[in-house]
Amino acid sequence: MAEIGLGLFQFFLILGLAPFFAGIIHKLKQNFRGQKGIKITQFYTNFFKLLKKEAVISSESSYISKIAPYIILSVNLLVLGILPAFYRYPLFAPLSDIIVIVYALSAATFFITLYSLDQGSPFGGLGGEREWFLTMLSEPSLIFIFVALAIYSKKGMITEIFYYIQKNAAVAVSNGFHGHFSIAIPFMLLISLFILGLSENARIPIDNPETHLELTMIHEANILEASGKYLGMLEYSAYIKLSIFLTFMSLILFPYMAGNAAELPFAVLLYLFKMLMLCFIIAIFEVLNPKMRLFRAPNMLSVAFIISLIAMILSVRGV
Amino acid sequence: MIELALAVPALILLLSLFAGVIYMSYIQIAASVIVFAAVIDGVLFVKPDKIFLGGYFFIDSLNAVVLFTVSLLELFIAFYSFGYIRTEIKHGLSKRKFKYYFFWKNLFILSMMVSILANNLGIFWVGIEGTTLATALLVSFNRTKEAYEATWKYVLMCSAGIAIGLFAIVILYFTTSDFYGQSIKALSFLNIIKVGGKLDKNFVLLAFILALTGFGTKVGFAPMHNWLPDAHSQAPSPISAMLSGVLLNTALLGILRFYQIALSAGIYSAKYFFIGFGFLTIAISALSIFKQKDYKRLFAYSSMENMGLITLGFGIGGIAVMGSLLQILFHALNKGAIFLSSGNVLAVTHERKIDKIKNLSKMMPVTSFMLLLAVIGITGTPPFAIFLSELLIIIGMFSFNVIFGFIVLFFLILMFAGLLSKTLLLRGNSNDGEKDGSPIIGFIEGKSLHPFLLYVPALLIAISVIFLFYLPEPFLLLVKSAVREL
Amino acid sequence: MDKFAELFAVLILVSAVLNAGSPFIEFGIKLYAFQSLMLALYTLMVALHSNTPSLYWSFSITILFKVITIPYFLFKTLKKTDIKREMDSVIGIPESVVLAGSLTLLSNIIAEKIITSVIAFGSLIFTISLATFLIGAMLMITRKTLFSQIIGFLTIDNAIFLAGNSFTRGMPLIVEFGVLFDLLAAVLILSLLIINIKKSSINKTMKHN
C-alpha cells in the first residue's frame, strides 16, 4: 500500500509542478534579457482560465479533434506515471519498459499532427510536416539512448536501469572508481538527451515557444486552431513532456531514488534541485543561442544521433 | 668522419642567416665539397657499419648508398646554384628574393641527412617532416598563385601522410617496448631488427602497411601522388632536382626500414605490397604523361615512374634489388641533369608551357642538346647508366612472371614515347623562323648564362655515361652488401 | 582514475564529431583547443594511473603547444584572412556527421579484429583513436576551405598522440618534442600560406584591372 501511496505522491507532485518548470524557464529567460517577466505561476493561471472558456471547433473537423487532446494528455500522463523520478516504485512500474516510453512519446506526436491536419487550416499541415521532419530525425537517437542504457545495465525496465546505475555509482564512489561503472556513457547520453529535449519540446535553437511567427513556428502551428479546454489540455501536455525530458536528464545526471518513505524527503529535495539546475541551464542556452533555420536542425540532431551511437558502442564494448 | 655530414650543413645553416647571398654561394660550394669528402671517406673507404652520436645515428650499406647519392648530387647542385643565382639576378630577379634561399636549402639538406642516418625511427620521422617544412617555402619561391597552391597541396598532403607514418611508428613502438621497456631504445632500428622474430606479427604488418601508405605519400606512390608534379614543377630548378633526385629516395629509405623489420618478423607477404604500389605508380605516371603541357611536370611524372620501378625492384627481390639500388644513384644523377638543363630554359624564357617554346635547338643549342641526352638517358637507353639498372630490374621482373614483365615493359615504352615526343616538341623547329622563337633579343647562350649552368648538367651526363662502363669498385661492394641486407 | 581517462578520450572523439557537424571555422579552432585539452587531461590521467614521470612532461608540453600556441596562431591568421565559415564542402553537414558515425562503427569493428593482446585501457582507446583519425582524414578530404583542412590534419595528429599515450606509456620525450615542434612549424607555414594565397588572389585581380 505504501508503495502505491508514494507512487501517487510522486505522480501528482511532478504533474503539479510541470507548469512551474516551464514557467521558471520562461521567467529566467526574461530576466536574463532584462525584462520584468511573467509571474512564475502564470502558466497555472492560463490553464485554469482556458478550462473555463468556450471551446470553438471548426465545422470541417471530424471526431479526431475531440478525442486527440484527451489521447495526447493521457499518453503523456502514462509516461509520467512510469518515471522513477525520486521514488523507486512509480505508479505504473510494470509498464516501465524502454520501448513503451519511446513509442508512447511518439504516439503523442502522431496524434498531435493528426489533430493539426484535422483542423483544415493551412498552418496545420505546415506544422505537422515540420513536426515529423524533426521527430524522424530525433526518434532514432531517443531509441539509441534507451537501448544504450539497457545494454549498459543489462536491464530492460527503466526503473531497474536507473536503480542499477545508482547502486553501482554508490559502490564505485566508495571504492575509488572501480567496478562496472562508467562516467563517459551517462555524460554522452546527457549531451544527446539535452539536444533532443530542446528539439522535442520546441525550445530555442530549433523552435521558439514564445512566438507565433508563422514562418518559423513548429509546435505552435499544430495547436493554432485549438481553443478552450482543448488548448488547455494540449498546453498542459507540452508542460508534462518538458518535465519528462528534464526528469530523464536529471536521472542520468545523478540517479538517486528513494527506496522507502524515510529517504523520500531528501530524494525530493535533490530532485527539485536537479530540475531547477537543468531549467537554469536550458534558460541560459536559449538566451545565448539564436534560433536556427529549420534546415540547419538536421546538423544538430545528427550530432545528437552520432553521440548516442558512440555511447551505444561504448556500452556494447563494456566498461 | 661521417659526423661531418651532419655538422657542416648545421653550421652553414647558422651562417646563412648572416652572410649575403653572393658570399653564401662560395661557402656552400666549400661546404658541399667537405660533406662529399666526408661521405666518401666514411662510406666507401671504411667498412660502414657503425653507430655514432650516442646511438641515435648509424650507417649501414643501405643508407650509405642513399647518403652517397645525396652528397654527390648536392655537390653538383652547389655549383649549379652558384651560377643559377648570378644568372637570375642578372635577368632581373631581386637579391632579396634569394635572401633565405640558402637557409632553407641547408635546412632541407640537414633534415634529409638526419633522416637518412637516423637509427631511431622517431628521429627519422622528425627529419622527414623537417624536409617537408624546409622545402615548403622553396616550392612557393615564385610567389605566384599556382606556386602557393602547389605548396599548400604539398605541405598538407605530405604532413598528413607522414602523420600516418607516425602512427606506424607508434604501433611498432608498442610491440617493441615489450622487449626494451618504455625508452628511446625501443625505437632504435638496430634493436628492433635484433628482436624481429619475436614481435607480434599482426602489429608489425599493420605498422608496415601504415608506413607504406604514410611515407609512400612522400615517395609519390600512385593514389597519393597528386602533390608531386605540382610541387616539383613550381620549385626553383636546383631544388626541383634535389626533390626529384634524392628526397623521394630518402622517404623510400624509411619504407625500406619498415620492410626490413617486416622481413625480420617473418612477414614475407610484405613484398607484394611493394609490387602492387610500384606497378600502380608506373602505370598511372605512364598514362598521365601524355596530357601534360608543362615540361617540368613532365619530368616530375618521370620521377614518379622511376620511384615505382625502384619499389617494384625491391619487391621482386633477387637481382632486381641490385638494379633498384643502382637505379637510386643513376636516377638521381640523370634527373639532376634533366632538371638543371630545363632550369636553364626556364631561367631564360620564364615559360613553363611546352607549346609556347619553339626553336630551342637554335636558341640554346647546348642546353637543348643536353636536355635531349638526359631525357634519352632517363628512359634507359644504352649509352647511359640507367640502362644497366633498368636492365637488372627488368630481368628480375621477367624471372618473376613473364606476363607481368611484358605489362610493365609496355608501360615503360609508353613512358619512353611520351617523354621523348614531348621533349622533341620543345626542341622542334617551327617553320615560322625566328619570329616566335627567341624571347630575349640579343640572347647568346654562352654569354647570357653563367658557365656553371652549362658545365654542371654536362658533367652529370658525362658521369652517367661513365658509370655504365666503369663503376667504382668500393661503391659496387657497398651495393652488394646492401643487397644482402634486404 | 581510468573512468575519467575514458571520459576524456571519448570527449576527444565527440569533439571530432562536432567538428564534422559545424561549418564555422572559429568554432572549429575552439573545438580543436578543447580536444587538445582533453588529450592533455587524458595524458595526465594515464600519468597518475601508471605513475610515469615522462607523461607529466608530455602533459605540460601538450598544454603549451596544442592548447595555447597553435590555436593562438590559428586565431591570429583567421583575423587576418577574415573567413567566417566553410564555403563549399563536398558533402553536406548531416551527411558528414553520419559518415563520421559510420567511421566510428568501422573502427570499432577493426579494433575488435586486430587487438589480441591486452592494452593499458582496453581496446576502447584504440577504437577511439582510430575513429578520430578517420574523421580527421574525412575532414581533410571533404572540406575545401584551407582552415578546415588544417583542423582535419591537427585532428589526425591528436588521434595519433592519443594512441601513442595509451598503448605505450608515451613516446620517448625527445621524439614527442620533435613531433610537436614540427607540428607547430607546419601550422606556422600553413598560416603563412593562407595569408599569402589570400594576398596573391587579391593582387591578381588588381593587376587585371
# chains A, B, ... in the order shown; residues from 1 in each chain; ligands from 1
>>> interface_residues(of="chain A", to="chain C", cutoff="6 Å", atoms="only C-alpha atoms", output="VMD selection string")
chain A and resid 184 299 302 306
>>> write_last_selection(atoms="N, CA and C atoms", output="PDB file, in the first residue's frame")
ATOM      1  N   ALA A 184      31.709   8.096 -18.813  1.00  0.00           N
ATOM      2  CA  ALA A 184      31.606   8.566 -20.195  1.00  0.00           C
ATOM      3  C   ALA A 184      30.215   8.331 -20.767  1.00  0.00           C
ATOM      4  N   ASN A 299      21.673  19.260 -38.753  1.00  0.00           N
ATOM      5  CA  ASN A 299      23.066  19.268 -38.299  1.00  0.00           C
ATOM      6  C   ASN A 299      23.147  18.911 -36.833  1.00  0.00           C
ATOM      7  N   SER A 302      21.764  15.352 -36.054  1.00  0.00           N
ATOM      8  CA  SER A 302      22.658  14.272 -36.477  1.00  0.00           C
ATOM      9  C   SER A 302      23.809  14.132 -35.497  1.00  0.00           C
ATOM     10  N   ILE A 306      24.778  10.741 -33.515  1.00  0.00           N
ATOM     11  CA  ILE A 306      26.091  10.089 -33.512  1.00  0.00           C
ATOM     12  C   ILE A 306      26.624   9.973 -32.088  1.00  0.00           C
TER      13      ILE A 306
END
>>> residues_around(residues="range 149-166 of chain A", least_positions_apart="6", cutoff="6 Å", atoms="only C-alpha atoms", output="ChimeraX atom specification")
/A:84,96-98,255,315
>>> write_last_selection(atoms="C-alpha atoms", output="compact mmCIF listing (two decimals), in the first residue's frame")
# COMPACT_ATOMS: atom_id res chain seq x y z
CA PRO A 84 11.04 6.80 -11.22
CA SER A 96 8.17 0.79 -17.48
CA ASP A 97 9.75 -0.86 -20.50
CA ILE A 98 12.06 1.36 -22.57
CA PRO A 255 20.28 8.99 -10.18
CA SER A 315 28.14 0.24 -23.71
>>> closest_residue(among="B:Ile338, B:Val479, B:Leu360, B:Leu14", to="Leu460 in chain B", atoms="only C-alpha atoms")
B:Ile338
>>> interface_residues(of="chain C", to="chain B", cutoff="8 Å", atoms="only C-alpha atoms", output="list in words")
Ile114, Gln149, Ile150, Phe153, Ile156, Asp157, Ile160, Ala163, Gly164, Phe167, Thr168, Arg169, Gly170, Met171, Pro172, Val175, Gly178, Val179, Asp182, Ala185, Ala186, Ile189, Leu190, Leu193, Asn196, Ile197, Ser200 and Ser201 of chain C
>>> residues_around(residues="Leu44 in chain C", least_positions_apart="3", cutoff="8 Å", atoms="only C-alpha atoms", output="JSON, numbers by chain")
{"C": [40, 41, 47, 48, 55, 56, 59]}
>>> select_by_dssp(residues="range 235-424 of chain B", states="alpha helix (DSSP H)", output="number ranges by chain")
B: 237-242, 248-264, 270-288, 295-316, 319-349, 360-363, 365-378, 386-400, 402-424
>>> write_last_selection(atoms="C-alpha atoms", output="compact mmCIF listing (two decimals), in the first residue's frame")
# COMPACT_ATOMS: atom_id res chain seq x y z
CA SER B 237 65.24 24.24 -60.70
CA PRO B 238 68.13 23.25 -58.37
CA ILE B 239 65.58 22.47 -55.67
CA SER B 240 63.45 20.52 -58.14
CA ALA B 241 66.47 18.41 -58.92
CA MET B 242 67.03 17.72 -55.22
CA LEU B 248 61.98 10.69 -52.83
CA ASN B 249 64.72 8.15 -52.15
CA THR B 250 65.04 9.35 -48.58
CA ALA B 251 61.37 8.72 -47.95
CA LEU B 252 61.69 5.35 -49.67
CA LEU B 253 64.53 4.51 -47.30
CA GLY B 254 62.09 4.83 -44.39
CA ILE B 255 59.73 2.37 -46.05
CA LEU B 256 62.65 0.02 -46.66
CA ARG B 257 63.48 0.15 -42.94
CA PHE B 258 59.95 -0.98 -42.14
CA TYR B 259 60.28 -3.60 -44.88
CA GLN B 260 63.42 -4.92 -43.20
CA ILE B 261 61.60 -5.07 -39.88
CA ALA B 262 58.69 -6.90 -41.51
CA LEU B 263 61.10 -9.38 -43.08
CA SER B 264 62.85 -9.96 -39.78
CA ALA B 270 55.18 -7.55 -47.48
CA LYS B 271 56.86 -7.65 -50.87
CA TYR B 272 53.52 -7.93 -52.66
CA PHE B 273 52.60 -4.52 -51.32
CA PHE B 274 55.79 -3.17 -52.90
CA ILE B 275 55.00 -4.81 -56.20
CA GLY B 276 51.42 -3.51 -56.14
CA PHE B 277 52.30 0.06 -55.32
CA GLY B 278 55.26 0.07 -57.72
CA PHE B 279 53.18 -1.23 -60.58
CA LEU B 280 50.32 1.17 -59.93
CA THR B 281 52.72 4.10 -59.81
CA ILE B 282 54.36 3.14 -63.09
CA ALA B 283 51.02 2.66 -64.81
CA ILE B 284 49.47 5.92 -63.59
CA SER B 285 52.53 8.01 -64.38
CA ALA B 286 52.94 6.48 -67.83
CA LEU B 287 49.30 7.11 -68.65
CA SER B 288 49.18 10.66 -67.35
CA TYR B 295 57.70 20.43 -69.23
CA LYS B 296 58.75 20.40 -65.59
CA ARG B 297 55.61 18.45 -64.70
CA LEU B 298 56.60 16.01 -67.42
CA PHE B 299 59.88 15.30 -65.67
CA ALA B 300 58.16 15.10 -62.29
CA TYR B 301 56.00 12.29 -63.66
CA SER B 302 59.16 10.62 -64.88
CA SER B 303 60.49 10.70 -61.31
CA MET B 304 57.30 9.05 -60.15
CA GLU B 305 57.74 6.32 -62.73
CA ASN B 306 61.31 5.73 -61.61
CA MET B 307 60.33 5.51 -57.96
CA GLY B 308 57.69 2.99 -58.97
CA LEU B 309 60.30 0.98 -60.80
CA ILE B 310 62.70 1.09 -57.85
CA THR B 311 59.94 -0.05 -55.47
CA LEU B 312 58.95 -2.79 -57.87
CA GLY B 313 62.56 -3.94 -57.98
CA PHE B 314 62.76 -4.13 -54.18
CA GLY B 315 59.53 -6.07 -54.11
CA ILE B 316 60.59 -8.63 -56.71
CA ILE B 319 68.83 -9.48 -59.00
CA ALA B 320 66.25 -6.69 -59.21
CA VAL B 321 67.23 -5.42 -55.76
CA MET B 322 70.70 -4.67 -57.05
CA GLY B 323 69.12 -2.94 -60.02
CA SER B 324 66.98 -0.84 -57.70
CA LEU B 325 69.91 0.22 -55.55
CA LEU B 326 71.89 1.23 -58.63
CA GLN B 327 68.83 2.96 -60.02
CA ILE B 328 68.67 5.17 -56.92
CA LEU B 329 72.07 6.63 -57.78
CA PHE B 330 71.72 6.73 -61.56
CA HIS B 331 68.24 8.18 -61.49
CA ALA B 332 69.39 10.93 -59.15
CA LEU B 333 72.25 11.90 -61.47
CA ASN B 334 70.19 11.76 -64.62
CA LYS B 335 67.20 13.53 -63.13
CA GLY B 336 69.59 16.18 -61.86
CA ALA B 337 70.84 16.69 -65.41
CA ILE B 338 67.28 16.97 -66.72
CA PHE B 339 66.04 19.45 -64.15
CA LEU B 340 69.17 21.55 -64.31
CA SER B 341 69.17 21.82 -68.09
CA SER B 342 65.44 22.51 -68.19
CA GLY B 343 66.17 25.01 -65.44
CA ASN B 344 68.35 26.87 -67.93
CA VAL B 345 65.42 27.08 -70.30
CA LEU B 346 63.14 28.33 -67.54
CA ALA B 347 65.66 30.85 -66.27
CA VAL B 348 65.89 32.44 -69.69
CA THR B 349 62.37 32.15 -71.04
CA LEU B 360 65.14 25.70 -78.67
CA SER B 361 67.77 23.94 -80.76
CA LYS B 362 68.68 27.21 -82.46
CA MET B 363 68.32 29.48 -79.48
CA PRO B 365 71.84 24.65 -78.78
CA VAL B 366 73.95 23.33 -75.89
CA THR B 367 71.15 23.26 -73.32
CA SER B 368 68.66 21.69 -75.63
CA PHE B 369 71.16 19.04 -76.68
CA MET B 370 71.90 18.25 -73.04
CA LEU B 371 68.20 18.09 -72.28
CA LEU B 372 67.66 15.66 -75.12
CA LEU B 373 70.55 13.47 -74.00
CA ALA B 374 69.37 13.45 -70.41
CA VAL B 375 65.81 12.56 -71.42
CA ILE B 376 67.11 9.74 -73.58
CA GLY B 377 69.18 8.68 -70.61
CA ILE B 378 66.30 8.65 -68.13
CA ILE B 386 70.20 3.78 -66.18
CA PHE B 387 70.26 1.18 -68.93
CA LEU B 388 72.22 -1.11 -66.62
CA SER B 389 69.97 -0.73 -63.60
CA GLU B 390 66.74 -0.93 -65.56
CA LEU B 391 68.00 -3.99 -67.34
CA LEU B 392 68.65 -5.67 -64.00
CA ILE B 393 65.15 -4.80 -62.78
CA ILE B 394 63.54 -5.99 -66.00
CA ILE B 395 65.45 -9.28 -65.91
CA GLY B 396 64.27 -9.76 -62.34
CA MET B 397 60.75 -8.96 -63.41
CA PHE B 398 60.73 -11.49 -66.23
CA SER B 399 62.09 -14.20 -63.99
CA PHE B 400 59.34 -13.31 -61.50
CA VAL B 402 56.71 -13.24 -67.80
CA ILE B 403 53.28 -11.72 -68.42
CA PHE B 404 53.72 -9.20 -65.64
CA GLY B 405 57.11 -8.35 -67.14
CA PHE B 406 55.56 -7.62 -70.50
CA ILE B 407 52.90 -5.39 -68.98
CA VAL B 408 55.46 -3.34 -67.09
CA LEU B 409 57.67 -3.17 -70.16
CA PHE B 410 54.71 -1.86 -72.13
CA PHE B 411 54.27 0.99 -69.65
CA LEU B 412 57.99 1.74 -69.76
CA ILE B 413 57.78 2.01 -73.54
CA LEU B 414 54.80 4.33 -73.20
CA MET B 415 56.85 6.47 -70.85
CA PHE B 416 59.73 6.50 -73.30
CA ALA B 417 57.48 7.55 -76.15
CA GLY B 418 55.72 10.23 -74.12
CA LEU B 419 58.84 11.81 -72.70
CA LEU B 420 60.77 11.81 -75.93
CA SER B 421 57.96 13.12 -78.10
CA LYS B 422 57.27 16.00 -75.75
CA THR B 423 60.96 16.88 -75.46
CA LEU B 424 61.38 16.85 -79.22
>>> residues_around(residues="Thr142 in chain C", least_positions_apart="6", cutoff="7 Å", atoms="only C-alpha atoms", output="list in words")
Ser89, Val90 and Ile91 of chain C
>>> residues_around(residues="Ala10 in chain B", least_positions_apart="4", cutoff="9 Å", atoms="only C-alpha atoms", output="MDAnalysis selection string")
chainID B and resid 6 14:15 106:107 110
>>> write_last_selection(atoms="N, CA and C atoms", output="mmCIF file, in the first residue's frame")
data_model
loop_
_atom_site.group_PDB
_atom_site.id
_atom_site.type_symbol
_atom_site.label_atom_id
_atom_site.label_comp_id
_atom_site.auth_asym_id
_atom_site.auth_seq_id
_atom_site.Cartn_x
_atom_site.Cartn_y
_atom_site.Cartn_z
ATOM 1 N N LEU B 6 76.563 15.721 -40.918
ATOM 2 C CA LEU B 6 75.502 16.380 -40.151
ATOM 3 C C LEU B 6 75.943 17.752 -39.662
ATOM 4 N N LEU B 14 73.402 28.086 -39.865
ATOM 5 C CA LEU B 14 73.518 29.255 -38.990
ATOM 6 C C LEU B 14 74.183 30.410 -39.734
ATOM 7 N N LEU B 15 75.203 30.043 -40.507
ATOM 8 C CA LEU B 15 75.972 31.063 -41.220
ATOM 9 C C LEU B 15 75.100 31.801 -42.223
ATOM 10 N N ASN B 106 69.781 24.592 -46.871
ATOM 11 C CA ASN B 106 70.611 23.852 -45.928
ATOM 12 C C ASN B 106 69.784 23.157 -44.868
ATOM 13 N N LEU B 107 68.671 23.781 -44.488
ATOM 14 C CA LEU B 107 67.778 23.102 -43.553
ATOM 15 C C LEU B 107 67.248 21.814 -44.179
ATOM 16 N N LEU B 110 70.074 19.330 -44.224
ATOM 17 C CA LEU B 110 70.320 18.828 -42.858
ATOM 18 C C LEU B 110 69.255 17.820 -42.449
#
>>> residues_around(residues="Lys80 in chain C", least_positions_apart="3", cutoff="8 Å", atoms="only C-alpha atoms", output="PyMOL selection string")
chain C and resi 76-77+195
>>> write_last_selection(atoms="N, CA and C atoms", output="mmCIF file, in the first residue's frame")
data_model
loop_
_atom_site.group_PDB
_atom_site.id
_atom_site.type_symbol
_atom_site.label_atom_id
_atom_site.label_comp_id
_atom_site.auth_asym_id
_atom_site.auth_seq_id
_atom_site.Cartn_x
_atom_site.Cartn_y
_atom_site.Cartn_z
ATOM 1 N N LYS C 76 44.972 34.137 -34.938
ATOM 2 C CA LYS C 76 45.606 35.327 -35.494
ATOM 3 C C LYS C 76 45.477 35.335 -37.014
ATOM 4 N N THR C 77 45.729 34.170 -37.610
ATOM 5 C CA THR C 77 45.604 34.070 -39.059
ATOM 6 C C THR C 77 44.168 34.288 -39.495
ATOM 7 N N ILE C 195 47.684 33.297 -45.677
ATOM 8 C CA ILE C 195 47.728 34.745 -45.847
ATOM 9 C C ILE C 195 48.235 35.088 -47.243
#
>>> residues_around(residues="Asn289 in chain A", least_positions_apart="3", cutoff="7 Å", atoms="only C-alpha atoms", output="list in words")
Pro205, Phe285 and Glu286 of chain A
>>> write_last_selection(atoms="C-alpha atoms", output="short mmCIF file (atom, residue, chain, number, x, y, z; two decimals), in the first residue's frame")
data_model
loop_
_atom_site.label_atom_id
_atom_site.label_comp_id
_atom_site.auth_asym_id
_atom_site.auth_seq_id
_atom_site.Cartn_x
_atom_site.Cartn_y
_atom_site.Cartn_z
CA PRO A 205 17.68 26.70 -31.45
CA PHE A 285 21.33 28.03 -23.51
CA GLU A 286 18.22 29.55 -25.03
#
